file work10.pdb (PDB, C-alpha atoms)
ATOM      1  CA  MET A   1      14.358   4.465   3.917  1.00  0.00           C
ATOM      2  CA  ASN A   2      15.867   7.546   2.368  1.00  0.00           C
ATOM      3  CA  ARG A   3      14.226   9.833  -0.157  1.00  0.00           C
ATOM      4  CA  ARG A   4      15.702   7.931  -3.104  1.00  0.00           C
ATOM      5  CA  LEU A   5      14.142   4.719  -1.909  1.00  0.00           C
ATOM      6  CA  LEU A   6      10.789   6.476  -1.413  1.00  0.00           C
ATOM      7  CA  LEU A   7      11.060   7.832  -4.957  1.00  0.00           C
ATOM      8  CA  LEU A   8      11.849   4.302  -6.147  1.00  0.00           C
ATOM      9  CA  PHE A   9       8.645   3.096  -4.441  1.00  0.00           C
ATOM     10  CA  VAL A  10       6.691   5.838  -6.218  1.00  0.00           C
ATOM     11  CA  VAL A  11       8.155   4.917  -9.600  1.00  0.00           C
ATOM     12  CA  LEU A  12       7.616   1.209  -8.931  1.00  0.00           C
ATOM     13  CA  ILE A  13       3.993   1.746  -7.962  1.00  0.00           C
ATOM     14  CA  ALA A  14       3.412   3.936 -11.007  1.00  0.00           C
ATOM     15  CA  PHE A  15       4.939   1.212 -13.180  1.00  0.00           C
ATOM     16  CA  VAL A  16       2.828  -1.506 -11.545  1.00  0.00           C
ATOM     17  CA  LEU A  17      -0.314   0.573 -11.928  1.00  0.00           C
ATOM     18  CA  ALA A  18       0.517   1.341 -15.540  1.00  0.00           C
ATOM     19  CA  SER A  19       1.381  -2.255 -16.433  1.00  0.00           C
ATOM     20  CA  CYS A  20      -1.344  -4.153 -14.562  1.00  0.00           C
ATOM     21  CA  ALA A  21      -4.094  -4.062 -17.147  1.00  0.00           C
ATOM     22  CA  PRO A  22      -5.394  -1.853 -19.900  1.00  0.00           C
ATOM     23  CA  PRO A  23      -7.270   0.343 -19.362  1.00  0.00           C
ATOM     24  CA  ILE A  24      -6.131   1.651 -15.997  1.00  0.00           C
ATOM     25  CA  ASN A  25      -8.824   1.939 -13.350  1.00  0.00           C
ATOM     26  CA  LEU A  26      -7.384   3.416 -10.170  1.00  0.00           C
ATOM     27  CA  LEU A  27     -10.862   3.502  -8.593  1.00  0.00           C
ATOM     28  CA  ASP A  28     -11.309  -0.276  -8.647  1.00  0.00           C
ATOM     29  CA  GLU A  29     -14.095  -1.765  -6.514  1.00  0.00           C
ATOM     30  CA  ASN A  30     -12.356  -5.166  -6.817  1.00  0.00           C
ATOM     31  CA  ASN A  31      -9.425  -4.063  -4.644  1.00  0.00           C
ATOM     32  CA  LEU A  32      -9.235  -4.595  -0.891  1.00  0.00           C
ATOM     33  CA  LYS A  33     -12.334  -3.353   0.927  1.00  0.00           C
ATOM     34  CA  ASP A  34     -10.742  -2.186   4.153  1.00  0.00           C
ATOM     35  CA  THR A  35     -11.256   0.891   6.334  1.00  0.00           C
ATOM     36  CA  SER A  36      -9.073  -0.192   9.257  1.00  0.00           C
ATOM     37  CA  LEU A  37      -6.737   2.713   8.504  1.00  0.00           C
ATOM     38  CA  LEU A  38      -9.470   4.945   9.960  1.00  0.00           C
ATOM     39  CA  SER A  39     -11.032   2.626  12.523  1.00  0.00           C
ATOM     40  CA  GLY A  40      -7.768   1.314  13.977  1.00  0.00           C
ATOM     41  CA  ASP A  41      -9.419  -2.091  14.217  1.00  0.00           C
ATOM     42  CA  PRO A  42      -7.735  -4.460  14.981  1.00  0.00           C
ATOM     43  CA  CYS A  43      -4.689  -2.185  15.375  1.00  0.00           C
ATOM     44  CA  GLU A  44      -3.542   1.384  14.655  1.00  0.00           C
ATOM     45  CA  ALA A  45      -1.245   2.267  11.736  1.00  0.00           C
ATOM     46  CA  PRO A  46       1.445   1.367  10.945  1.00  0.00           C
ATOM     47  CA  CYS A  47      -0.026  -1.936  12.113  1.00  0.00           C
ATOM     48  CA  TRP A  48      -2.460  -3.621   9.728  1.00  0.00           C
ATOM     49  CA  ASN A  49      -4.350  -6.831  10.503  1.00  0.00           C
ATOM     50  CA  GLY A  50      -1.921  -7.589  13.342  1.00  0.00           C
ATOM     51  CA  ILE A  51       1.143  -7.151  11.113  1.00  0.00           C
ATOM     52  CA  VAL A  52       3.660  -4.432  12.033  1.00  0.00           C
ATOM     53  CA  PRO A  53       6.519  -3.492   9.674  1.00  0.00           C
ATOM     54  CA  GLY A  54       9.823  -3.733  11.513  1.00  0.00           C
ATOM     55  CA  GLU A  55       8.393  -6.157  14.097  1.00  0.00           C
ATOM     56  CA  THR A  56       6.446  -9.001  12.460  1.00  0.00           C
ATOM     57  CA  SER A  57       8.423 -11.785  10.816  1.00  0.00           C
ATOM     58  CA  PHE A  58       7.807 -12.616   7.168  1.00  0.00           C
ATOM     59  CA  ARG A  59       6.753 -16.128   8.198  1.00  0.00           C
ATOM     60  CA  ASP A  60       4.253 -14.875  10.790  1.00  0.00           C
ATOM     61  CA  ALA A  61       2.799 -12.278   8.409  1.00  0.00           C
ATOM     62  CA  LYS A  62       2.240 -14.916   5.746  1.00  0.00           C
ATOM     63  CA  ILE A  63       0.583 -17.241   8.286  1.00  0.00           C
ATOM     64  CA  ILE A  64      -1.706 -14.416   9.483  1.00  0.00           C
ATOM     65  CA  ILE A  65      -2.864 -13.775   5.913  1.00  0.00           C
ATOM     66  CA  GLU A  66      -3.167 -17.485   5.002  1.00  0.00           C
ATOM     67  CA  ASP A  67      -5.222 -18.176   8.146  1.00  0.00           C
ATOM     68  CA  ASP A  68      -7.646 -15.302   7.474  1.00  0.00           C
ATOM     69  CA  ALA A  69     -10.593 -16.636   5.428  1.00  0.00           C
ATOM     70  CA  ARG A  70     -11.059 -13.223   3.755  1.00  0.00           C
ATOM     71  CA  PHE A  71      -7.834 -13.589   1.813  1.00  0.00           C
ATOM     72  CA  THR A  72      -7.044 -15.807  -1.173  1.00  0.00           C
ATOM     73  CA  ASN A  73      -4.279 -16.376  -3.694  1.00  0.00           C
ATOM     74  CA  VAL A  74      -1.499 -15.970  -1.128  1.00  0.00           C
ATOM     75  CA  GLU A  75       1.619 -16.466  -3.217  1.00  0.00           C
ATOM     76  CA  GLU A  76       5.278 -15.858  -2.570  1.00  0.00           C
ATOM     77  CA  VAL A  77       6.747 -14.021  -5.545  1.00  0.00           C
ATOM     78  CA  GLU A  78      10.052 -15.208  -6.933  1.00  0.00           C
ATOM     79  CA  LEU A  79      12.377 -12.219  -7.124  1.00  0.00           C
ATOM     80  CA  GLU A  80      14.910 -12.204  -9.942  1.00  0.00           C
ATOM     81  CA  ASP A  81      17.857 -10.732  -8.089  1.00  0.00           C
ATOM     82  CA  ALA A  82      19.985 -12.883  -5.835  1.00  0.00           C
ATOM     83  CA  THR A  83      19.039 -11.035  -2.637  1.00  0.00           C
ATOM     84  CA  ASP A  84      17.540 -11.931   0.706  1.00  0.00           C
ATOM     85  CA  GLU A  85      14.348 -10.029  -0.157  1.00  0.00           C
ATOM     86  CA  ARG A  86      11.083 -11.917   0.059  1.00  0.00           C
ATOM     87  CA  LEU A  87       7.669 -10.813  -1.150  1.00  0.00           C
ATOM     88  CA  PHE A  88       4.208 -12.317  -1.057  1.00  0.00           C
ATOM     89  CA  SER A  89       0.985 -11.076  -2.567  1.00  0.00           C
ATOM     90  CA  PHE A  90      -2.672 -11.838  -1.911  1.00  0.00           C
ATOM     91  CA  ALA A  91      -6.244 -10.954  -2.840  1.00  0.00           C
ATOM     92  CA  GLU A  92      -9.450 -10.462  -0.926  1.00  0.00           C
ATOM     93  CA  GLY A  93     -11.944 -13.162  -1.927  1.00  0.00           C
ATOM     94  CA  GLU A  94     -12.411 -13.184  -5.694  1.00  0.00           C
ATOM     95  CA  GLY A  95     -11.068  -9.631  -6.010  1.00  0.00           C
ATOM     96  CA  ASN A  96      -7.857  -8.373  -7.561  1.00  0.00           C
ATOM     97  CA  THR A  97      -4.445  -9.339  -6.263  1.00  0.00           C
ATOM     98  CA  CYS A  98      -4.284  -6.125  -4.313  1.00  0.00           C
ATOM     99  CA  CYS A  99      -1.680  -6.463  -1.691  1.00  0.00           C
ATOM    100  CA  GLN A 100       2.011  -7.131  -1.179  1.00  0.00           C
ATOM    101  CA  VAL A 101       4.132  -7.743   1.890  1.00  0.00           C
ATOM    102  CA  LEU A 102       7.913  -7.220   1.557  1.00  0.00           C
ATOM    103  CA  SER A 103      10.881  -8.178   3.690  1.00  0.00           C
ATOM    104  CA  ASP A 104      14.252  -6.728   2.685  1.00  0.00           C
ATOM    105  CA  ASP A 105      16.230  -9.251   4.725  1.00  0.00           C
ATOM    106  CA  GLY A 106      13.870 -12.206   4.277  1.00  0.00           C
ATOM    107  CA  ASP A 107      13.168 -12.275   7.994  1.00  0.00           C
ATOM    108  CA  VAL A 108      11.212  -9.198   9.200  1.00  0.00           C
ATOM    109  CA  ILE A 109       8.533  -7.294   7.286  1.00  0.00           C
ATOM    110  CA  ASP A 110       9.677  -3.889   5.992  1.00  0.00           C
ATOM    111  CA  SER A 111       6.566  -2.732   4.151  1.00  0.00           C
ATOM    112  CA  MET A 112       3.015  -3.602   3.147  1.00  0.00           C
ATOM    113  CA  LEU A 113       1.341  -2.161   0.058  1.00  0.00           C
ATOM    114  CA  LEU A 114      -2.450  -2.390  -0.104  1.00  0.00           C
ATOM    115  CA  PHE A 115      -4.494  -1.208  -3.097  1.00  0.00           C
ATOM    116  CA  LEU A 116      -7.894  -0.217  -1.714  1.00  0.00           C
ATOM    117  CA  ALA A 117     -11.399  -0.072  -3.107  1.00  0.00           C
ATOM    118  CA  PRO A 118     -12.921   3.409  -2.677  1.00  0.00           C
ATOM    119  CA  GLY A 119     -14.342   3.894   0.792  1.00  0.00           C
ATOM    120  CA  ILE A 120     -12.030   6.364   2.550  1.00  0.00           C
ATOM    121  CA  THR A 121     -11.532  10.016   1.607  1.00  0.00           C
ATOM    122  CA  VAL A 122      -8.585  12.386   1.931  1.00  0.00           C
ATOM    123  CA  GLY A 123     -10.631  14.481   4.357  1.00  0.00           C
ATOM    124  CA  GLU A 124     -11.021  11.506   6.682  1.00  0.00           C
ATOM    125  CA  ILE A 125      -7.277  10.787   6.493  1.00  0.00           C
ATOM    126  CA  LEU A 126      -6.428  14.424   7.286  1.00  0.00           C
ATOM    127  CA  ASP A 127      -8.851  14.389  10.229  1.00  0.00           C
ATOM    128  CA  LYS A 128      -7.118  11.302  11.636  1.00  0.00           C
ATOM    129  CA  PHE A 129      -3.437  11.958  10.815  1.00  0.00           C
ATOM    130  CA  GLY A 130      -3.203  15.716  10.229  1.00  0.00           C
ATOM    131  CA  ASP A 131      -1.386  17.293   7.295  1.00  0.00           C
ATOM    132  CA  PRO A 132       1.109  15.137   5.395  1.00  0.00           C
ATOM    133  CA  THR A 133       4.773  16.095   5.458  1.00  0.00           C
ATOM    134  CA  TYR A 134       5.194  15.521   1.713  1.00  0.00           C
ATOM    135  CA  LEU A 135       2.963  15.358  -1.362  1.00  0.00           C
ATOM    136  CA  LEU A 136       4.080  13.623  -4.563  1.00  0.00           C
ATOM    137  CA  GLY A 137       2.069  12.773  -7.647  1.00  0.00           C
ATOM    138  CA  ASP A 138       1.985  10.792 -10.858  1.00  0.00           C
ATOM    139  CA  ALA A 139      -0.409  10.310 -13.779  1.00  0.00           C
ATOM    140  CA  PRO A 140      -0.355   6.731 -15.116  1.00  0.00           C
ATOM    141  CA  ALA A 141      -3.220   7.511 -17.523  1.00  0.00           C
ATOM    142  CA  GLU A 142      -4.461  10.565 -19.393  1.00  0.00           C
ATOM    143  CA  ASP A 143      -7.626  10.809 -17.310  1.00  0.00           C
ATOM    144  CA  GLN A 144      -6.356   9.460 -13.966  1.00  0.00           C
ATOM    145  CA  ALA A 145      -3.664  10.481 -11.534  1.00  0.00           C
ATOM    146  CA  PHE A 146      -2.777   9.935  -7.910  1.00  0.00           C
ATOM    147  CA  MET A 147      -1.110  11.886  -5.139  1.00  0.00           C
ATOM    148  CA  LEU A 148       0.995  10.372  -2.397  1.00  0.00           C
ATOM    149  CA  LEU A 149       0.431  11.805   1.060  1.00  0.00           C
ATOM    150  CA  VAL A 150       3.518  10.988   3.142  1.00  0.00           C
ATOM    151  CA  PHE A 151       3.208  10.764   6.928  1.00  0.00           C
ATOM    152  CA  PRO A 152       6.729   9.904   8.189  1.00  0.00           C
ATOM    153  CA  ASP A 153       5.732  10.085  11.864  1.00  0.00           C
ATOM    154  CA  VAL A 154       3.201   7.247  11.506  1.00  0.00           C
ATOM    155  CA  PRO A 155       5.065   5.922   9.135  1.00  0.00           C
ATOM    156  CA  LEU A 156       2.648   5.734   6.252  1.00  0.00           C
ATOM    157  CA  VAL A 157       2.153   6.733   2.610  1.00  0.00           C
ATOM    158  CA  VAL A 158      -1.442   7.141   1.435  1.00  0.00           C
ATOM    159  CA  TYR A 159      -2.419   7.109  -2.262  1.00  0.00           C
ATOM    160  CA  ALA A 160      -5.247   9.480  -3.227  1.00  0.00           C
ATOM    161  CA  PHE A 161      -7.093   9.397  -6.575  1.00  0.00           C
ATOM    162  CA  VAL A 162      -7.072  12.593  -8.617  1.00  0.00           C
ATOM    163  CA  ALA A 163      -9.299  12.722 -11.714  1.00  0.00           C
ATOM    164  CA  GLY A 164      -7.620  14.136 -14.810  1.00  0.00           C
ATOM    165  CA  SER A 165      -3.849  14.038 -15.102  1.00  0.00           C
ATOM    166  CA  GLY A 166      -3.252  17.688 -15.926  1.00  0.00           C
ATOM    167  CA  GLU A 167      -6.229  19.466 -14.489  1.00  0.00           C
ATOM    168  CA  GLY A 168      -7.307  17.378 -11.498  1.00  0.00           C
ATOM    169  CA  GLU A 169      -6.997  18.595  -7.945  1.00  0.00           C
ATOM    170  CA  ILE A 170      -6.795  16.763  -4.684  1.00  0.00           C
ATOM    171  CA  SER A 171      -9.589  17.618  -2.253  1.00  0.00           C
ATOM    172  CA  GLY A 172     -11.144  16.359   0.943  1.00  0.00           C
ATOM    173  CA  SER A 173     -13.493  14.199  -1.106  1.00  0.00           C
ATOM    174  CA  SER A 174     -10.698  12.561  -3.139  1.00  0.00           C
ATOM    175  CA  GLU A 175     -10.827   8.771  -2.712  1.00  0.00           C
ATOM    176  CA  ILE A 176      -8.006   6.821  -1.073  1.00  0.00           C
ATOM    177  CA  ILE A 177      -6.869   4.045  -3.423  1.00  0.00           C
ATOM    178  CA  GLY A 178      -3.889   2.634  -1.577  1.00  0.00           C
ATOM    179  CA  VAL A 179      -1.697   2.687   1.477  1.00  0.00           C
ATOM    180  CA  LEU A 180       1.937   1.801   2.079  1.00  0.00           C
ATOM    181  CA  TYR A 181       2.780   0.837   5.672  1.00  0.00           C
ATOM    182  CA  LEU A 182       6.464   1.260   6.513  1.00  0.00           C
ATOM    183  CA  THR A 183       8.963   0.821   9.345  1.00  0.00           C
ATOM    184  CA  ASP A 184       9.987   3.715  11.604  1.00  0.00           C
ATOM    185  CA  GLU A 185      13.428   3.656   9.974  1.00  0.00           C
ATOM    186  CA  SER A 186      11.879   4.075   6.543  1.00  0.00           C
TER     187      SER A 186
END
call {"tool": "encode", "arguments": {"input": "work10.pdb", "output": "structure tokens"}}
result
Amino acid sequence: MNRRLLLLFVVLIAFVLASCAPPINLLDENNLKDTSLLSGDPCEAPCWNGIVPGETSFRDAKIIIEDDARFTNVEEVELEDATDERLFSFAEGEGNTCCQVLSDDGDVIDSMLLFLAPGITVGEILDKFGDPTYLLGDAPAEDQAFMLLVFPDVPLVVYAFVAGSGEGEISGSSEIIGVLYLTDES
């Protein structure tokens, strides 16, 4: 994935966050409650829940999620363009539809986007993965913003909450609100 595609992901995520529901609540306890990014259980990033971008087939990833009793509302999303891309989304229990799995070619997973409930901090991410290569940010609401911490060597993009769109600062105690698992090529 080149920089333009990464920027497209950032814009897409900002749009999704901005259009999901008024008012925006980036620190949503109803998102996925998952700390496996830190624990590495059951697998280390960029693997999540036994699914590895660039290796796991779309079919197998969907079966893994459907067979896991924690997850509900597993639905393949109809994409408007006539492409080979396939996407499915899911929720954890009665929580928000928090997560998406995408295949560009319809066969192998290329990325997984998980919106997380607070439970991991930037400091913990930096302790585990070191300093990010890139930092990008956006403010989908007047009082809420997020920073993207990009770790191309993992490959991983972590979304950190930043209070206040113009005056907020990222710190070690900033909450992680999402993670984008990618392929090595991305």
call {"tool": "resolve_selection", "arguments": {"input": "work10.pdb", "expression": "the PyMOL selection byres ((chain A and resi 87-90) around 12)", "output": "PyMOL selection string"}}
result
chain A and resi 31-32+58-59+61-66+68-80+83-86+91-115
call {"tool": "closest_residue", "arguments": {"input": "work10.pdb", "among": "A:Asp138, A:Asp143, A:Asp34, A:Glu124", "to": "Glu175 in chain A", "atoms": "all atoms listed in the file"}}
result
A:Glu124
call {"tool": "axis_aligned_box", "arguments": {"input": "work10.pdb", "around": "range 138-147 of chain A", "padding_each_side": "4 Å", "output": "AutoDock Vina command-line options"}}
result
--center_x -2.8 --center_y 9.3 --center_z -12.3 --size_x 17.6 --size_y 13.2 --size_z 22.3
call {"tool": "resolve_selection", "arguments": {"input": "work10.pdb", "expression": "the PyMOL selection byres ((chain A and resi 49) around 10)", "output": "PDB file with C-alpha atoms, in the frame of the given file"}}
result
ATOM      1  CA  SER A  36      -9.073  -0.192   9.257  1.00  0.00           C
ATOM      2  CA  GLY A  40      -7.768   1.314  13.977  1.00  0.00           C
ATOM      3  CA  ASP A  41      -9.419  -2.091  14.217  1.00  0.00           C
ATOM      4  CA  PRO A  42      -7.735  -4.460  14.981  1.00  0.00           C
ATOM      5  CA  CYS A  43      -4.689  -2.185  15.375  1.00  0.00           C
ATOM      6  CA  GLU A  44      -3.542   1.384  14.655  1.00  0.00           C
ATOM      7  CA  ALA A  45      -1.245   2.267  11.736  1.00  0.00           C
ATOM      8  CA  CYS A  47      -0.026  -1.936  12.113  1.00  0.00           C
ATOM      9  CA  TRP A  48      -2.460  -3.621   9.728  1.00  0.00           C
ATOM     10  CA  GLY A  50      -1.921  -7.589  13.342  1.00  0.00           C
ATOM     11  CA  ILE A  51       1.143  -7.151  11.113  1.00  0.00           C
ATOM     12  CA  VAL A  52       3.660  -4.432  12.033  1.00  0.00           C
ATOM     13  CA  ALA A  61       2.799 -12.278   8.409  1.00  0.00           C
ATOM     14  CA  ILE A  64      -1.706 -14.416   9.483  1.00  0.00           C
ATOM     15  CA  ILE A  65      -2.864 -13.775   5.913  1.00  0.00           C
ATOM     16  CA  ASP A  68      -7.646 -15.302   7.474  1.00  0.00           C
TER      17      ASP A  68
END
call {"tool": "residues_around", "arguments": {"input": "work10.pdb", "residues": "Ser174 in chain A", "least_positions_apart": "3", "cutoff": "9 Å", "atoms": "only C-alpha atoms", "output": "PyMOL selection string"}}
result
chain A and resi 120-123+160-163+169-171
call {"tool": "atom_distance", "arguments": {"input": "work10.pdb", "atom1": "CA of Tyr134 in chain A", "atom2": "CA of Ser57 in chain A"}}
result
29.0 Å
call {"tool": "resolve_selection", "arguments": {"input": "work10.pdb", "expression": "the PyMOL selection byres ((chain A and resi 117) around 8)", "output": "list in words"}}
result
Leu27, Asp28, Glu29, Asn30, Asn31, Leu32, Lys33, Asp34, Phe115, Leu116, Pro118, Gly119, Ile176 and Ile177 of chain A
call {"tool": "atom_distance", "arguments": {"input": "work10.pdb", "atom1": "CA of Leu37 in chain A", "atom2": "CA of Ser173 in chain A"}}
result
16.4 Å
call {"tool": "closest_residue", "arguments": {"input": "work10.pdb", "among": "A:Tyr159, A:Leu135, A:Thr35, A:Pro46", "to": "Tyr181 in chain A", "atoms": "only C-alpha atoms"}}
result
A:Pro46
call {"tool": "closest_residue", "arguments": {"input": "work10.pdb", "among": "A:Leu149, A:Ala82, A:Ile24, A:Leu180", "to": "Phe129 in chain A", "atoms": "all atoms listed in the file"}}
result
A:Leu149
call {"tool": "atom_distance", "arguments": {"input": "work10.pdb", "atom1": "CA of Met147 in chain A", "atom2": "CA of Pro132 in chain A"}}
result
11.2 Å
call {"tool": "residues_around", "arguments": {"input": "work10.pdb", "residues": "Gly137 in chain A", "least_positions_apart": "5", "cutoff": "8 Å", "atoms": "all atoms listed in the file", "output": "JSON, numbers by chain"}}
result
{"A": [145, 146, 147, 148]}
call {"tool": "closest_residue", "arguments": {"input": "work10.pdb", "among": "A:Asp81, A:Phe151, A:Asp67, A:Asp131", "to": "Gly172 in chain A", "atoms": "all atoms listed in the file"}}
result
A:Asp131
